[in-house]
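What follows is a single structure, written as structure tokens, with notes after it.
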Amino acid sequence: MVESQIEARGITDPNVLEAMRTVPRHRFVADDNKGDAYGDHPLPIGYGQTISQPFIVAMMSEALNVGPGDKVLEIGTGSGYQAAVLAAMGCEVYTMEIIPELAVRAEATLGELGYDVTVGNIDGYFGWSEHAPFDGIIVTAAPDHVPQPLIEQLKPGAAMVIPVGPIGAMQTMWRFSVDADGLVTGENLGSVIFVPFTRAED
């Protein structure tokens with residue numbers, strides 16, 4: 001998977017590559033999908049959600065530019081796979097999932113595999129201020145705009161990687177960086193399709 005799907009497509013961060021080799025992706029998918037766990041495509045995990053394809057997980061992890069000791073917030077725990085990859089990279093991971101059943105399942109899987117990740121069953125739009133600021137924020141569902149509270153919870157020099165765009169259409173993956181003066185700059189990382197960002201009132 002790593003050699004043919006990830007390295008071959010330009011991912012070079014050795015920490016990301018090692019994490020992708022180490023985390024057992026098949027543990028984060030349903031039993032009837034385990035045979036496809038390492039394929040180059042997303043898979044359903046229930047409740048209208050998916051586990052992202054391996055390349056997208058690696059690309060977002062590399063774009064975040066984090067490593068051992070960095071504190072990272074993930075919005076949209078889903079299966080827990082992205083959180084596990086970040087934990088395997090040595091990050092201190094906080095992850096938020098609005099669907100209770102997925103939060104419980106992900107927390108159990110992460111715990112069984114020995115990943116020390118803090119999971120919250122919370123609406124991620126407002127971030128997690130009690131643990132802020134963060135060295136990086138990664139969003140694994142697509143809102144139609146960038147949540148300002150997330151930008152405000154980034155440390156100077158930190159970045160957020162987030163897909164933004166309309167439901168059911170092509171979206172854009174963005175990397176937003178905050179400099180020491182609080183100036184935010186954005187970098188377009190290409191077109192993607194993600195499940196919609198779910199809010200508590202939805």
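Letters A, B, ... mark the chains of the structure tokens in the order given; residue numbers begin at 1 per chain; ligand numbers begin at 1, in order shown.
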Per residue of stretch 71-133 of chain A within 10 Å of stretch 27-47 of chain A, which atom pair is closest and at what distance in Å (one decimal), using only C-alpha atoms, listed by chain and increasing number, as a tab-separated table?
```
residue	atom	partner	partner_atom	distance
A:Gly78	CA	A:Ile45	CA	7.6
A:Ser79	CA	A:Phe28	CA	5.5
A:Gly80	CA	A:Phe28	CA	6.8
A:Tyr81	CA	A:Phe28	CA	6.1
A:Gln82	CA	A:Phe28	CA	9.8
A:Ala84	CA	A:Phe28	CA	9.7
A:Ile99	CA	A:Tyr47	CA	8.0
A:Glu101	CA	A:Tyr47	CA	8.7
A:Leu102	CA	A:Tyr47	CA	8.2
A:Arg105	CA	A:Phe28	CA	9.3
A:Ala106	CA	A:Phe28	CA	7.9
A:Thr109	CA	A:Phe28	CA	7.3
A:Leu110	CA	A:Phe28	CA	9.0
A:Glu112	CA	A:Arg27	CA	9.9
A:Leu113	CA	A:Arg27	CA	8.8
```
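Inside stretch 60-126 of chain A, the residues DSSP reads as alpha helix (DSSP H) when given the backbone are A:Met60, A:Ser61, A:Glu62, A:Ala63, A:Leu64, A:Tyr81, A:Gln82, A:Ala83, A:Ala84, A:Val85, A:Leu86, A:Ala87, A:Ala88, A:Pro100, A:Glu101, A:Leu102, A:Ala103, A:Val104, A:Arg105, A:Ala106, A:Glu107, A:Ala108, A:Thr109, A:Leu110, A:Gly111, A:Glu112.
Counting from atom CA of A:Ser129, the distance to atom CA of A:Glu62 is 24.3 Å.
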field: Test item: residues at most 7 Å from A:Asn121, only C-alpha atoms, excluding those fewer than 4 positions along its chain, as JSON, numbers by chain
entry: {"A": [96, 97, 98, 99, 100, 103]}
query: Which parts of stretch 12-197 of chain A does DSSP call strand (DSSP E or B) when run on the backbone here, written out as a ChimeraX atom specification?
result: /A:43-46,49-51,71-75,92-96,117-120,134-139,142,154-164,171-178,184-192,196
query: Closest to A:Tyr115 among A:Val192, A:Ala63, A:Val23, A:Leu154, using only C-alpha atoms?
result: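 For A:Tyr115, the nearest of the given residues is A:Val23.
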message: So that I can see what lies close to A:Ala88, please list as a PyMOL selection string the residues with an atom at most 9 Å from it, counting only C-alpha atoms and leaving out residues fewer than 4 positions away in the same chain.
response: chain A and resi 15-16+18-20+22-23+68+83-84+115
statement: With distances taken over only C-alpha atoms, the candidate from A:Met60, A:Leu183, A:Val178, A:Ala87 nearest A:Gly157 is A:Val178
- request: May I have the residues within 9 Å of A:Gly168 as a ChimeraX atom specification, using only C-alpha atoms and disregarding those fewer than 4 positions away in the same chain?
  value: /A:193-196
Selected residue of minimal separation from A:Val57 among A:Met170, A:Leu150, A:Ile138, A:Ile122, counting only C-alpha atoms: A:Ile138
Near-A:Ile11 list (10 Å; only C-alpha atoms; drop same-chain fewer than 6 positions) as a compact mmCIF listing (two decimals) with all heavy atoms, in the first residue's frame:
```txt
# COMPACT_ATOMS: atom_id res chain seq x y z
N VAL A 2 1.83 1.31 0.90
CA VAL A 2 2.64 2.52 1.03
C VAL A 2 3.48 2.75 -0.23
O VAL A 2 3.54 3.87 -0.76
CB VAL A 2 3.53 2.45 2.28
CG1 VAL A 2 4.49 3.62 2.32
CG2 VAL A 2 2.67 2.43 3.54
N GLU A 3 4.10 1.70 -0.72
CA GLU A 3 4.98 1.85 -1.88
C GLU A 3 4.20 2.25 -3.14
O GLU A 3 4.59 3.17 -3.86
CB GLU A 3 5.74 0.55 -2.13
CG GLU A 3 6.73 0.63 -3.29
CD GLU A 3 7.50 -0.65 -3.49
OE1 GLU A 3 7.46 -1.52 -2.58
OE2 GLU A 3 8.14 -0.80 -4.53
N GLN A 5 0.79 3.18 -3.51
CA GLN A 5 -0.27 4.18 -3.45
C GLN A 5 0.20 5.53 -2.91
O GLN A 5 -0.40 6.55 -3.21
CB GLN A 5 -1.43 3.69 -2.57
CG GLN A 5 -2.09 2.42 -3.04
CD GLN A 5 -3.14 1.97 -2.05
OE1 GLN A 5 -3.79 2.77 -1.39
NE2 GLN A 5 -3.31 0.66 -1.92
N LEU A 17 5.24 8.15 6.31
CA LEU A 17 5.34 6.85 5.65
C LEU A 17 5.46 5.71 6.66
O LEU A 17 4.82 4.66 6.50
CB LEU A 17 6.56 6.84 4.72
CG LEU A 17 6.48 7.81 3.53
CD1 LEU A 17 7.81 7.84 2.78
CD2 LEU A 17 5.35 7.43 2.59
N PHE A 55 -4.10 7.26 0.49
CA PHE A 55 -3.33 8.39 -0.03
C PHE A 55 -3.79 9.71 0.56
O PHE A 55 -2.97 10.57 0.91
CB PHE A 55 -3.41 8.47 -1.56
CG PHE A 55 -2.78 9.73 -2.10
CD1 PHE A 55 -1.40 9.89 -2.12
CD2 PHE A 55 -3.57 10.79 -2.55
CE1 PHE A 55 -0.82 11.06 -2.58
CE2 PHE A 55 -3.00 11.96 -3.02
CZ PHE A 55 -1.62 12.11 -3.03
N ALA A 58 -2.51 10.08 4.07
CA ALA A 58 -1.08 10.41 4.06
C ALA A 58 -0.84 11.84 3.60
O ALA A 58 -0.01 12.56 4.17
CB ALA A 58 -0.34 9.42 3.15
N MET A 59 -1.55 12.26 2.56
CA MET A 59 -1.38 13.62 2.04
C MET A 59 -1.74 14.67 3.08
O MET A 59 -1.01 15.65 3.29
CB MET A 59 -2.23 13.80 0.78
CG MET A 59 -2.08 15.17 0.13
SD MET A 59 -3.34 16.36 0.69
CE MET A 59 -4.77 15.77 -0.22
N SER A 61 -1.83 14.26 6.33
CA SER A 61 -0.89 14.16 7.45
C SER A 61 0.41 14.88 7.13
O SER A 61 0.98 15.57 7.99
CB SER A 61 -0.62 12.68 7.78
OG SER A 61 -1.80 12.01 8.14
N GLU A 62 0.91 14.71 5.91
CA GLU A 62 2.14 15.39 5.51
C GLU A 62 1.93 16.90 5.43
O GLU A 62 2.79 17.67 5.87
CB GLU A 62 2.61 14.85 4.16
CG GLU A 62 3.93 15.46 3.70
CD GLU A 62 4.47 14.81 2.44
OE1 GLU A 62 3.84 15.00 1.37
OE2 GLU A 62 5.51 14.13 2.51
N ALA A 63 0.80 17.32 4.88
CA ALA A 63 0.52 18.76 4.74
C ALA A 63 0.42 19.46 6.09
O ALA A 63 0.69 20.66 6.21
CB ALA A 63 -0.76 18.97 3.93
```
query: atom CA of A:Ala159 and atom CA of A:Leu73 are how many Å apart?
result: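 Calculated distance between atom CA of A:Ala159 and atom CA of A:Leu73 is 10.9 Å.
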query: Which one of A:Cys91, A:Val164, A:Val119, A:Leu64 sits closest to A:Thr77 if you count only C-alpha atoms?
result: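 Using only C-alpha atoms, the shortest distance to A:Thr77 belongs to A:Val119.
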message: Between A:Asn65, A:Thr95, A:Thr198, A:Ser52, which residue has the minimum interatomic distance to A:Asp116, considering only C-alpha atoms?
response: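 Using only C-alpha atoms, the shortest distance to A:Asp116 belongs to A:Thr95.
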query: What is the distance, in Å and to one decimal place, between atom CA of A:Met1 and atom CA of A:Arg21?
result: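 Interatomic distance, atom CA of A:Met1 to atom CA of A:Arg21: 8.1 Å.
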message: Need the shell around A:Thr172: protein/DNA/RNA residues with any atom at most 8 Å away, counting only C-alpha atoms. Skip same-chain ones fewer than 6 positions apart. Format as a list in words?
response: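 Everything that qualifies: Pro163, Val164, Gly165, Asn188, Leu189, Gly190, Ser191 and Val192 of chain A.
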